[in-house]
>>> print(open('work21.cif').read())   # mmCIF, C-alpha atoms and all ligand atoms
data_entry
loop_
_atom_site.group_PDB
_atom_site.id
_atom_site.type_symbol
_atom_site.label_atom_id
_atom_site.label_comp_id
_atom_site.auth_asym_id
_atom_site.auth_seq_id
_atom_site.Cartn_x
_atom_site.Cartn_y
_atom_site.Cartn_z
ATOM 1 C CA MET A 137 132.547 70.548 94.430
ATOM 2 C CA ALA A 138 129.078 71.971 94.975
ATOM 3 C CA VAL A 139 126.839 71.826 91.919
ATOM 4 C CA VAL A 140 124.937 74.990 91.021
ATOM 5 C CA GLY A 141 121.795 74.437 88.973
ATOM 6 C CA VAL A 142 120.706 77.132 86.538
ATOM 7 C CA LEU A 143 117.054 76.996 85.509
ATOM 8 C CA ALA A 144 117.375 76.786 81.732
ATOM 9 C CA LEU A 145 113.863 77.218 80.395
ATOM 10 C CA GLN A 146 114.272 80.688 78.937
ATOM 11 C CA GLY A 147 116.268 83.893 79.452
ATOM 12 C CA SER A 148 119.886 84.535 80.460
ATOM 13 C CA TYR A 149 120.848 81.064 81.670
ATOM 14 C CA ASN A 150 123.837 80.812 79.273
ATOM 15 C CA GLU A 151 125.258 84.001 80.752
ATOM 16 C CA HIS A 152 124.921 82.616 84.294
ATOM 17 C CA MET A 153 126.593 79.376 83.204
ATOM 18 C CA ALA A 154 129.473 81.420 81.727
ATOM 19 C CA ALA A 155 129.755 83.524 84.899
ATOM 20 C CA LEU A 156 129.969 80.332 86.980
ATOM 21 C CA ARG A 157 132.646 78.919 84.645
ATOM 22 C CA ARG A 158 134.678 82.125 85.037
ATOM 23 C CA ILE A 159 134.958 81.567 88.778
ATOM 24 C CA GLY A 160 135.615 77.848 88.476
ATOM 25 C CA ALA A 161 132.205 76.744 89.794
ATOM 26 C CA LYS A 162 130.286 73.791 88.418
ATOM 27 C CA GLY A 163 127.008 74.859 86.790
ATOM 28 C CA VAL A 164 124.351 72.511 85.440
ATOM 29 C CA GLU A 165 121.395 73.479 83.252
ATOM 30 C CA VAL A 166 118.146 72.404 84.898
ATOM 31 C CA ARG A 167 115.012 71.691 82.856
ATOM 32 C CA LYS A 168 113.364 68.824 84.713
ATOM 33 C CA ALA A 169 112.017 68.466 88.239
ATOM 34 C CA GLU A 170 114.076 65.354 88.944
ATOM 35 C CA GLN A 171 117.320 67.283 88.293
ATOM 36 C CA LEU A 172 116.649 69.430 91.360
ATOM 37 C CA GLY A 173 117.572 66.465 93.549
ATOM 38 C CA ALA A 174 121.105 66.463 92.151
ATOM 39 C CA ILE A 175 122.043 70.114 92.710
ATOM 40 C CA ASP A 176 123.111 72.027 95.810
ATOM 41 C CA SER A 177 121.816 75.458 94.877
ATOM 42 C CA LEU A 178 119.796 77.040 92.091
ATOM 43 C CA ILE A 179 119.900 80.227 90.026
ATOM 44 C CA ILE A 180 116.642 81.355 88.415
ATOM 45 C CA PRO A 181 117.737 83.719 85.626
ATOM 46 C CA GLY A 182 116.199 86.817 84.103
ATOM 47 C CA GLY A 183 114.058 86.616 81.033
ATOM 48 C CA GLU A 184 110.327 87.029 80.720
ATOM 49 C CA SER A 185 108.575 85.831 83.820
ATOM 50 C CA THR A 186 105.194 85.021 82.222
ATOM 51 C CA THR A 187 106.837 82.905 79.532
ATOM 52 C CA MET A 188 109.132 81.275 82.064
ATOM 53 C CA ALA A 189 106.150 80.498 84.302
ATOM 54 C CA LYS A 190 104.272 78.937 81.373
ATOM 55 C CA LEU A 191 107.250 76.739 80.564
ATOM 56 C CA ALA A 192 107.724 75.823 84.238
ATOM 57 C CA ASN A 193 104.065 74.874 84.387
ATOM 58 C CA TYR A 194 104.303 72.832 81.210
ATOM 59 C CA HIS A 195 107.223 70.879 82.698
ATOM 60 C CA ASN A 196 105.414 70.603 86.063
ATOM 61 C CA LEU A 197 108.316 72.293 87.847
ATOM 62 C CA PHE A 198 106.486 74.479 90.365
ATOM 63 C CA PRO A 199 105.976 71.859 93.123
ATOM 64 C CA ALA A 200 109.637 70.776 92.931
ATOM 65 C CA LEU A 201 110.861 74.386 92.883
ATOM 66 C CA ARG A 202 108.743 75.190 95.960
ATOM 67 C CA GLU A 203 110.085 72.132 97.710
ATOM 68 C CA PHE A 204 113.669 73.181 96.858
ATOM 69 C CA VAL A 205 113.152 76.686 98.256
ATOM 70 C CA GLY A 206 111.217 75.321 101.266
ATOM 71 C CA ALA A 207 114.091 72.948 102.080
ATOM 72 C CA GLY A 208 116.294 76.016 102.631
ATOM 73 C CA LYS A 209 118.676 75.278 99.757
ATOM 74 C CA PRO A 210 120.336 78.423 98.379
ATOM 75 C CA VAL A 211 118.364 80.019 95.547
ATOM 76 C CA TRP A 212 119.168 83.211 93.646
ATOM 77 C CA GLY A 213 116.649 84.921 91.417
ATOM 78 C CA THR A 214 117.813 87.620 89.005
ATOM 79 C CA CYS A 215 115.167 89.893 87.477
ATOM 80 C CA ALA A 216 112.415 87.514 86.240
ATOM 81 C CA GLY A 217 113.888 85.043 88.771
ATOM 82 C CA LEU A 218 113.266 87.607 91.520
ATOM 83 C CA ILE A 219 109.627 87.811 90.391
ATOM 84 C CA PHE A 220 109.400 84.001 90.580
ATOM 85 C CA LEU A 221 110.641 84.009 94.174
ATOM 86 C CA ALA A 222 108.468 86.859 95.487
ATOM 87 C CA ASN A 223 105.494 85.990 97.668
ATOM 88 C CA LYS A 224 103.511 88.667 95.878
ATOM 89 C CA ALA A 225 103.816 90.328 92.468
ATOM 90 C CA VAL A 226 101.937 93.359 91.164
ATOM 91 C CA GLY A 227 101.875 94.893 87.702
ATOM 92 C CA GLN A 228 101.203 91.510 86.145
ATOM 93 C CA LYS A 229 99.325 90.643 83.005
ATOM 94 C CA SER A 230 95.643 90.079 83.697
ATOM 95 C CA GLY A 231 95.086 86.779 85.420
ATOM 96 C CA GLY A 232 98.518 87.052 87.036
ATOM 97 C CA GLN A 233 101.007 84.242 86.900
ATOM 98 C CA GLU A 234 102.105 81.432 89.115
ATOM 99 C CA LEU A 235 104.959 82.217 91.508
ATOM 100 C CA VAL A 236 107.328 79.940 93.384
ATOM 101 C CA GLY A 237 107.321 82.298 96.383
ATOM 102 C CA GLY A 238 109.371 82.023 99.559
ATOM 103 C CA LEU A 239 110.768 85.559 99.530
ATOM 104 C CA ASP A 240 108.717 87.773 101.823
ATOM 105 C CA CYS A 241 108.315 90.793 99.561
ATOM 106 C CA THR A 242 106.057 92.502 97.058
ATOM 107 C CA VAL A 243 107.614 92.953 93.654
ATOM 108 C CA HIS A 244 106.446 95.162 90.784
ATOM 109 C CA ARG A 245 107.060 93.288 87.536
ATOM 110 C CA ASN A 246 107.995 96.193 85.280
ATOM 111 C CA PHE A 247 108.653 98.911 87.814
ATOM 112 C CA PHE A 248 111.216 100.741 85.673
ATOM 113 C CA GLY A 249 109.047 100.727 82.555
ATOM 114 C CA SER A 250 109.272 99.026 79.178
ATOM 115 C CA GLN A 251 112.244 97.511 77.358
ATOM 116 C CA LEU A 252 113.064 101.003 76.072
ATOM 117 C CA GLN A 253 113.478 102.292 79.609
ATOM 118 C CA SER A 254 116.216 99.723 80.327
ATOM 119 C CA PHE A 255 119.301 101.360 81.843
ATOM 120 C CA GLU A 256 122.624 100.859 83.583
ATOM 121 C CA THR A 257 123.609 102.541 86.813
ATOM 122 C CA GLU A 258 126.060 102.298 89.683
ATOM 123 C CA LEU A 259 124.707 100.786 92.869
ATOM 124 C CA SER A 260 126.080 101.201 96.347
ATOM 125 C CA VAL A 261 126.709 97.691 97.724
ATOM 126 C CA PRO A 262 128.601 97.936 101.029
ATOM 127 C CA MET A 263 127.517 94.485 102.201
ATOM 128 C CA LEU A 264 128.758 92.855 98.964
ATOM 129 C CA ALA A 265 132.098 94.666 99.300
ATOM 130 C CA GLU A 266 132.398 93.647 102.944
ATOM 131 C CA LYS A 267 131.804 89.969 102.140
ATOM 132 C CA GLU A 268 133.521 89.639 98.754
ATOM 133 C CA GLY A 269 135.987 92.535 98.726
ATOM 134 C CA GLY A 270 136.430 95.157 96.034
ATOM 135 C CA SER A 271 134.610 98.386 95.483
ATOM 136 C CA ASN A 272 131.544 99.606 97.389
ATOM 137 C CA ILE A 273 129.954 100.169 94.001
ATOM 138 C CA CYS A 274 128.721 97.651 91.449
ATOM 139 C CA ARG A 275 127.283 98.093 87.970
ATOM 140 C CA GLY A 276 123.577 97.371 87.789
ATOM 141 C CA VAL A 277 122.192 96.370 84.393
ATOM 142 C CA PHE A 278 118.401 96.839 84.486
ATOM 143 C CA ILE A 279 116.454 95.358 81.575
ATOM 144 C CA ARG A 280 112.696 95.982 81.724
ATOM 145 C CA ALA A 281 113.420 95.478 85.351
ATOM 146 C CA PRO A 282 111.233 94.753 88.330
ATOM 147 C CA ALA A 283 111.723 96.385 91.744
ATOM 148 C CA ILE A 284 110.841 95.431 95.281
ATOM 149 C CA LEU A 285 108.184 97.664 96.806
ATOM 150 C CA GLU A 286 107.940 96.164 100.274
ATOM 151 C CA VAL A 287 109.887 93.627 102.321
ATOM 152 C CA GLY A 288 109.069 91.591 105.406
ATOM 153 C CA PRO A 289 111.043 91.790 108.659
ATOM 154 C CA ASP A 290 113.423 88.914 107.838
ATOM 155 C CA VAL A 291 114.564 90.412 104.559
ATOM 156 C CA GLU A 292 117.923 92.198 104.450
ATOM 157 C CA VAL A 293 118.149 94.984 101.859
ATOM 158 C CA LEU A 294 121.458 94.758 99.962
ATOM 159 C CA ALA A 295 120.913 97.565 97.446
ATOM 160 C CA ASP A 296 118.412 100.210 96.489
ATOM 161 C CA CYS A 297 118.382 102.882 93.817
ATOM 162 C CA PRO A 298 116.620 106.158 93.093
ATOM 163 C CA VAL A 299 113.267 106.011 91.368
ATOM 164 C CA PRO A 300 113.969 107.553 87.933
ATOM 165 C CA ALA A 301 112.774 111.139 87.591
ATOM 166 C CA GLY A 302 109.525 111.444 85.726
ATOM 167 C CA ARG A 303 108.458 107.917 86.455
ATOM 168 C CA PRO A 304 104.668 107.989 86.657
ATOM 169 C CA SER A 305 103.267 106.988 90.028
ATOM 170 C CA ILE A 306 101.934 103.502 90.063
ATOM 171 C CA THR A 307 98.849 102.165 91.669
ATOM 172 C CA ILE A 308 98.969 98.911 93.544
ATOM 173 C CA SER A 309 95.660 97.177 93.737
ATOM 174 C CA ALA A 310 95.714 94.719 96.584
ATOM 175 C CA GLU A 311 92.617 92.580 96.787
ATOM 176 C CA GLY A 312 90.068 94.341 98.919
ATOM 177 C CA ALA A 313 92.478 97.149 99.813
ATOM 178 C CA GLU A 314 92.283 100.660 98.499
ATOM 179 C CA ASP A 315 94.683 101.575 95.747
ATOM 180 C CA GLU A 316 97.868 103.084 97.052
ATOM 181 C CA VAL A 317 100.432 105.132 95.194
ATOM 182 C CA TYR A 318 104.135 104.308 95.391
ATOM 183 C CA SER A 319 105.591 107.606 96.430
ATOM 184 C CA LYS A 320 109.037 106.845 97.887
ATOM 185 C CA ASP A 321 112.070 108.276 96.120
ATOM 186 C CA ARG A 322 114.169 105.085 96.344
ATOM 187 C CA VAL A 323 113.271 101.515 95.569
ATOM 188 C CA ILE A 324 114.838 98.200 96.638
ATOM 189 C CA VAL A 325 116.750 96.216 93.993
ATOM 190 C CA ALA A 326 118.701 93.523 95.889
ATOM 191 C CA VAL A 327 117.781 91.515 98.978
ATOM 192 C CA ARG A 328 118.649 88.445 100.975
ATOM 193 C CA GLN A 329 116.379 86.396 103.202
ATOM 194 C CA GLY A 330 118.180 83.414 104.720
ATOM 195 C CA ASN A 331 119.299 81.322 101.763
ATOM 196 C CA ILE A 332 117.336 83.305 99.195
ATOM 197 C CA LEU A 333 119.197 85.980 97.242
ATOM 198 C CA ALA A 334 117.379 88.205 94.747
ATOM 199 C CA THR A 335 118.520 90.985 92.430
ATOM 200 C CA ALA A 336 116.360 93.078 90.094
ATOM 201 C CA PHE A 337 119.377 93.608 87.813
ATOM 202 C CA HIS A 338 121.711 91.272 85.877
ATOM 203 C CA PRO A 339 125.165 90.664 87.432
ATOM 204 C CA GLU A 340 125.702 87.837 84.911
ATOM 205 C CA LEU A 341 125.967 90.482 82.175
ATOM 206 C CA THR A 342 128.951 92.177 83.814
ATOM 207 C CA SER A 343 132.472 90.963 84.540
ATOM 208 C CA ASP A 344 132.007 91.588 88.278
ATOM 209 C CA SER A 345 131.821 88.068 89.725
ATOM 210 C CA ARG A 346 131.118 89.107 93.293
ATOM 211 C CA TRP A 347 127.371 88.357 93.241
ATOM 212 C CA HIS A 348 128.095 84.845 91.960
ATOM 213 C CA ARG A 349 130.782 84.450 94.614
ATOM 214 C CA LEU A 350 128.402 85.665 97.314
ATOM 215 C CA PHE A 351 125.882 83.084 96.159
ATOM 216 C CA LEU A 352 128.485 80.295 96.224
ATOM 217 C CA ASP A 353 129.490 81.395 99.716
ATOM 218 C CA MET A 354 125.857 81.119 100.841
ATOM 219 C CA ASP A 355 125.969 77.498 99.687
ATOM 220 C CA LYS A 356 129.275 76.883 101.489
ATOM 221 C CA ASP A 357 127.866 78.438 104.680
ATOM 222 C CA SER A 358 124.750 76.290 104.593
ATOM 223 C CA GLN A 359 126.795 73.123 103.953
ATOM 224 C CA ALA A 360 129.064 74.057 106.865
ATOM 225 C CA LYS A 361 125.985 74.522 109.081
ATOM 226 C CA ALA A 362 124.590 71.161 107.996
ATOM 227 C CA PHE A 363 127.992 69.630 108.666
ATOM 228 C CA SER A 364 128.356 71.104 112.139
ATOM 229 C CA ALA A 365 124.788 70.041 112.998
ATOM 230 C CA LEU A 366 125.731 66.532 111.889
ATOM 231 C CA SER A 367 129.027 66.508 113.780
ATOM 232 C CA LEU A 368 127.230 67.731 116.915
ATOM 233 C CA SER A 369 124.739 64.919 116.677
ATOM 234 C CA THR A 370 127.448 62.311 115.970
ATOM 235 C CA SER A 371 129.664 63.515 118.824
ATOM 236 C CA SER A 372 126.715 63.377 121.194
ATOM 237 C CA ARG A 373 126.285 59.765 120.153
ATOM 238 C CA ASP A 374 130.040 59.295 120.723
ATOM 239 C CA VAL A 375 130.690 57.715 117.356
ATOM 240 C CA GLU A 376 134.242 56.490 116.817
ATOM 241 C CA GLY A 377 136.407 58.637 114.519
ATOM 242 C CA GLY A 378 134.483 61.849 115.139
ATOM 243 C CA SER A 379 134.421 64.433 112.375
ATOM 244 C CA LYS A 380 136.185 67.190 114.326
ATOM 245 C CA ASN A 381 139.309 67.228 112.203
ATOM 246 C CA LYS A 382 137.707 67.074 108.789
ATOM 247 C CA PRO A 383 137.621 70.256 106.767
ATOM 248 C CA LEU A 384 134.097 71.617 106.487
ATOM 249 C CA ASP A 385 134.050 71.635 102.712
ATOM 250 C CA LEU A 386 134.473 67.875 102.278
ATOM 251 C CA PRO A 387 131.429 65.765 101.513
ATOM 252 C CA ILE A 388 129.728 64.677 104.713
ATOM 253 C CA PHE A 389 129.208 61.127 103.487
ATOM 254 C CA GLU A 390 132.182 59.292 102.011
HETATM 255 N N1 LIG B 401 115.061 91.156 82.458
HETATM 256 C C1 LIG B 401 114.046 90.557 83.025
HETATM 257 O O1 LIG B 401 114.158 89.456 83.549
HETATM 258 C C2 LIG B 401 112.719 91.270 82.905
HETATM 259 C C3 LIG B 401 111.625 90.652 83.690
HETATM 260 C C4 LIG B 401 110.319 91.225 83.235
HETATM 261 N N2 LIG B 401 110.038 92.478 83.864
HETATM 262 C C5 LIG B 401 109.207 90.216 83.512
HETATM 263 O O2 LIG B 401 108.180 90.529 83.911
HETATM 264 O O3 LIG B 401 109.379 89.074 83.307
#
>>> encode(input="work21.cif", output="structure tokens", more="lines below")
Ligand SMILES: NC(=O)CC[C@H](N)C(=O)O
Amino acid sequence: MAVVGVLALQGSYNEHMAALRRIGAKGVEVRKAEQLGAIDSLIIPGGESTTMAKLANYHNLFPALREFVGAGKPVWGTCAGLIFLANKAVGQKSGGQELVGGLDCTVHRNFFGSQLQSFETELSVPMLAEKEGGSNICRGVFIRAPAILEVGPDVEVLADCPVPAGRPSITISAEGAEDEVYSKDRVIVAVRQGNILATAFHPELTSDSRWHRLFLDMDKDSQAKAFSALSLSTSSRDVEGGSKNKPLDLPIFE
């Protein structure tokens, strides 16, 4: 069974572990760089991204996390985890914070305001429903939530939501560029880029397991791809006992 790591430095890692248990998946709390070698995929939970970054720095996790993402292993960032995975973050404390990166987007750390402006809403998620069944709607729990302001061409938008009425316009200061005001009426809150999944809200705080299932399916898909690449290369070498008849979800090496 694939092992899902949950970065357990700070934030809602217990809730992700419980969500994984509910669907019969094997979750492991990850606190050290060397543990990343023993997991198939990784969830970076919500919490407080500056604190989480300080702890990740203290435990020298950033190089290993970047290597994990760079290797194309499935990674899901929720809320603060989304901020970790973004290539660029705005609205940060002065001096900014270290990011893992890999997800081609610009994220605003506290787009929806302070803790007091936390909210729940229904999100339209046709892609999630198509892949995992169920309703076209899911409950989005937004806690001092970030939002995605811009995405690159390889990023698929899975959900967006209206910018709350009365939200003051924000200024984005890009180095050297003139300040620009975010003036769209909707903002992106869930995306996928290859094996990276990111949500600005907290599916682990609801009983809807479909986001966790989607993430597990990403892992299954990438293992199947690795397997078929391997079976192609073995069949081209005409190795005895080819792997054609083995189910794709078995370990490749026995
Ligand atoms: N619930 C969350 O993960 C909030 C993230 C928070 N906006 C931060 O900057 O870290």
>>> closest_residue(input="work21.cif", among="A:Phe198, A:Phe248, A:Trp347, A:Phe204", to="ligand LIG 401 (chain B)", atoms="all atoms listed in the file")
A:Phe248
>>> residues_near_ligand(input="work21.cif", ligand="ligand LIG 401 (chain B)", cutoff="8 Å", atoms="only C-alpha atoms and all ligand atoms", output="list of chain:residue names")
A:Gly147, A:Pro181, A:Gly182, A:Gly183, A:Glu184, A:Ser185, A:Thr186, A:Thr187, A:Met188, A:Thr214, A:Cys215, A:Ala216, A:Gly217, A:Ile219, A:Gln228, A:Arg245, A:Asn246, A:Phe247, A:Phe278, A:Ile279, A:Arg280, A:Ala281, A:Pro282, A:Ala336, A:Phe337, A:His338
>>> atom_distance(input="work21.cif", atom1="atom CA of Ala334 of chain A", atom2="atom CA of Leu350 of chain A")
11.6 Å
>>> resolve_selection(input="work21.cif", expression="the PyMOL selection byres (((chain A and resi 210) around 7) and not hetatm)", output="MDAnalysis selection string")
chainID A and resid 177:178 208:209 211:212 331:332 354:355
>>> residues_around(input="work21.cif", residues="Val327 of chain A", least_positions_apart="6", cutoff="9 Å", atoms="only C-alpha atoms", output="ChimeraX atom specification")
/A:284,287,291-295,333-335
>>> resolve_selection(input="work21.cif", expression="the PyMOL selection byres (((chain A and resi 237) around 8) and not hetatm)", output="mmCIF file with C-alpha atoms, keeping the file's coordinate frame")
data_model
loop_
_atom_site.group_PDB
_atom_site.id
_atom_site.type_symbol
_atom_site.label_atom_id
_atom_site.label_comp_id
_atom_site.auth_asym_id
_atom_site.auth_seq_id
_atom_site.Cartn_x
_atom_site.Cartn_y
_atom_site.Cartn_z
ATOM 1 C CA ARG A 202 108.743 75.190 95.960
ATOM 2 C CA PHE A 220 109.400 84.001 90.580
ATOM 3 C CA LEU A 221 110.641 84.009 94.174
ATOM 4 C CA ALA A 222 108.468 86.859 95.487
ATOM 5 C CA ASN A 223 105.494 85.990 97.668
ATOM 6 C CA LYS A 224 103.511 88.667 95.878
ATOM 7 C CA LEU A 235 104.959 82.217 91.508
ATOM 8 C CA VAL A 236 107.328 79.940 93.384
ATOM 9 C CA GLY A 238 109.371 82.023 99.559
ATOM 10 C CA LEU A 239 110.768 85.559 99.530
ATOM 11 C CA ASP A 240 108.717 87.773 101.823
#
>>> atom_distance(input="work21.cif", atom1="atom CA of Ala207 of chain A", atom2="atom CA of Glu151 of chain A")
26.5 Å
>>> atom_distance(input="work21.cif", atom1="atom CA of Gly141 of chain A", atom2="atom CA of Gly330 of chain A")
18.5 Å
>>> closest_residue(input="work21.cif", among="A:Asp344, A:Leu218, A:Glu165, A:Gln233", to="Ser271 of chain A", atoms="only C-alpha atoms")
A:Asp344
>>> residues_around(input="work21.cif", residues="His348 of chain A", least_positions_apart="4", cutoff="8 Å", atoms="all atoms listed in the file", output="list in words")
Ala155, Leu156, Pro339 and Leu352 of chain A
>>> residues_around(input="work21.cif", residues="Ala154 of chain A", least_positions_apart="6", cutoff="12 Å", atoms="all atoms listed in the file", output="list in words")
Val142, Ser148, Gly160, Ala161, Lys162, Gly163, Val164, Glu165, Pro339, Glu340, Leu341, Thr342, Ser343, Ser345 and His348 of chain A
>>> residues_around(input="work21.cif", residues="Val323 of chain A", least_positions_apart="3", cutoff="8 Å", atoms="all atoms listed in the file", output="PDB file with C-alpha atoms, keeping the file's coordinate frame")
ATOM      1  CA  ALA A 283     111.723  96.385  91.744  1.00  0.00           C
ATOM      2  CA  ILE A 284     110.841  95.431  95.281  1.00  0.00           C
ATOM      3  CA  LEU A 285     108.184  97.664  96.806  1.00  0.00           C
ATOM      4  CA  ASP A 296     118.412 100.210  96.489  1.00  0.00           C
ATOM      5  CA  CYS A 297     118.382 102.882  93.817  1.00  0.00           C
ATOM      6  CA  PRO A 298     116.620 106.158  93.093  1.00  0.00           C
ATOM      7  CA  VAL A 299     113.267 106.011  91.368  1.00  0.00           C
ATOM      8  CA  LYS A 320     109.037 106.845  97.887  1.00  0.00           C
TER       9      LYS A 320
END
>>> closest_residue(input="work21.cif", among="A:Ala362, A:His152, A:Arg349, A:Leu172", to="Lys267 of chain A", atoms="only C-alpha atoms")
A:Arg349
>>> resolve_selection(input="work21.cif", expression="the PyMOL selection byres (((chain A and resi 195) around 12) and not hetatm)", output="ChimeraX atom specification")
/A:143-145,166-170,188-194,196-201
>>> write_last_selection(input="work21.cif", atoms="C-alpha atoms", output="PDB file, in the coordinates of the input")
ATOM      1  CA  LEU A 143     117.054  76.996  85.509  1.00  0.00           C
ATOM      2  CA  ALA A 144     117.375  76.786  81.732  1.00  0.00           C
ATOM      3  CA  LEU A 145     113.863  77.218  80.395  1.00  0.00           C
ATOM      4  CA  VAL A 166     118.146  72.404  84.898  1.00  0.00           C
ATOM      5  CA  ARG A 167     115.012  71.691  82.856  1.00  0.00           C
ATOM      6  CA  LYS A 168     113.364  68.824  84.713  1.00  0.00           C
ATOM      7  CA  ALA A 169     112.017  68.466  88.239  1.00  0.00           C
ATOM      8  CA  GLU A 170     114.076  65.354  88.944  1.00  0.00           C
ATOM      9  CA  MET A 188     109.132  81.275  82.064  1.00  0.00           C
ATOM     10  CA  ALA A 189     106.150  80.498  84.302  1.00  0.00           C
ATOM     11  CA  LYS A 190     104.272  78.937  81.373  1.00  0.00           C
ATOM     12  CA  LEU A 191     107.250  76.739  80.564  1.00  0.00           C
ATOM     13  CA  ALA A 192     107.724  75.823  84.238  1.00  0.00           C
ATOM     14  CA  ASN A 193     104.065  74.874  84.387  1.00  0.00           C
ATOM     15  CA  TYR A 194     104.303  72.832  81.210  1.00  0.00           C
ATOM     16  CA  ASN A 196     105.414  70.603  86.063  1.00  0.00           C
ATOM     17  CA  LEU A 197     108.316  72.293  87.847  1.00  0.00           C
ATOM     18  CA  PHE A 198     106.486  74.479  90.365  1.00  0.00           C
ATOM     19  CA  PRO A 199     105.976  71.859  93.123  1.00  0.00           C
ATOM     20  CA  ALA A 200     109.637  70.776  92.931  1.00  0.00           C
ATOM     21  CA  LEU A 201     110.861  74.386  92.883  1.00  0.00           C
TER      22      LEU A 201
END
>>> decode(input="work21.cif", residues="segment 155-218 of chain A", atoms="C-alpha atoms", output="compact mmCIF listing (two decimals), in the first residue's frame")
# COMPACT_ATOMS: atom_id res chain seq x y z
CA ALA A 155 -8.91 11.79 6.98
CA LEU A 156 -6.43 9.28 5.51
CA ARG A 157 -7.41 6.68 8.13
CA ARG A 158 -11.09 7.17 7.24
CA ILE A 159 -10.43 6.08 3.67
CA GLY A 160 -8.13 3.23 4.64
CA ALA A 161 -4.92 4.90 3.44
CA LYS A 162 -1.61 4.63 5.27
CA GLY A 163 -0.44 8.01 6.58
CA VAL A 164 2.90 8.68 8.25
CA GLU A 165 3.88 11.83 10.14
CA VAL A 166 7.01 13.35 8.62
CA ARG A 167 9.37 15.54 10.66
CA LYS A 168 12.80 14.67 9.29
CA ALA A 169 14.36 14.96 5.85
CA GLU A 170 15.40 11.31 5.77
CA GLN A 171 11.75 10.20 6.17
CA LEU A 172 10.95 11.66 2.75
CA GLY A 173 12.80 8.75 1.15
CA ALA A 174 10.31 6.29 2.63
CA ILE A 175 7.04 7.86 1.46
CA ASP A 176 5.27 7.86 -1.90
CA SER A 177 3.47 11.17 -1.63
CA LEU A 178 3.30 14.10 0.76
CA ILE A 179 0.63 16.36 2.23
CA ILE A 180 1.75 19.76 3.52
CA PRO A 181 -1.05 20.85 5.87
CA GLY A 182 -2.52 24.22 6.77
CA GLY A 183 -1.31 26.12 9.76
CA GLU A 184 0.80 29.24 9.88
CA SER A 185 3.20 29.35 7.00
CA THR A 186 5.85 31.60 8.61
CA THR A 187 6.03 29.37 11.68
CA MET A 188 6.02 26.24 9.55
CA ALA A 189 8.82 27.67 7.40
CA LYS A 190 10.88 28.49 10.51
CA LEU A 191 10.46 24.94 11.78
CA ALA A 192 11.25 23.48 8.35
CA ASN A 193 14.39 25.60 8.26
CA TYR A 194 15.38 24.55 11.76
CA HIS A 195 15.08 20.89 10.73
CA ASN A 196 16.87 21.60 7.41
CA LEU A 197 13.90 20.26 5.44
CA PHE A 198 13.77 22.70 2.52
CA PRO A 199 16.37 21.01 0.26
CA ALA A 200 14.75 17.58 0.75
CA LEU A 201 11.25 18.99 0.19
CA ARG A 202 12.40 20.68 -3.04
CA GLU A 203 13.99 17.45 -4.18
CA PHE A 204 10.75 15.55 -3.42
CA VAL A 205 8.65 18.00 -5.43
CA GLY A 206 11.28 18.16 -8.21
CA ALA A 207 11.25 14.36 -8.50
CA GLY A 208 7.58 14.60 -9.52
CA LYS A 209 6.23 12.73 -6.49
CA PRO A 210 2.64 13.70 -5.65
CA VAL A 211 2.43 16.61 -3.21
CA TRP A 212 -0.70 18.33 -1.88
CA GLY A 213 -0.56 21.63 -0.07
CA THR A 214 -3.62 22.84 1.85
CA CYS A 215 -3.74 26.50 2.87
CA ALA A 216 -0.30 27.21 4.43
CA GLY A 217 0.86 24.16 2.43
CA LEU A 218 -0.32 25.90 -0.75
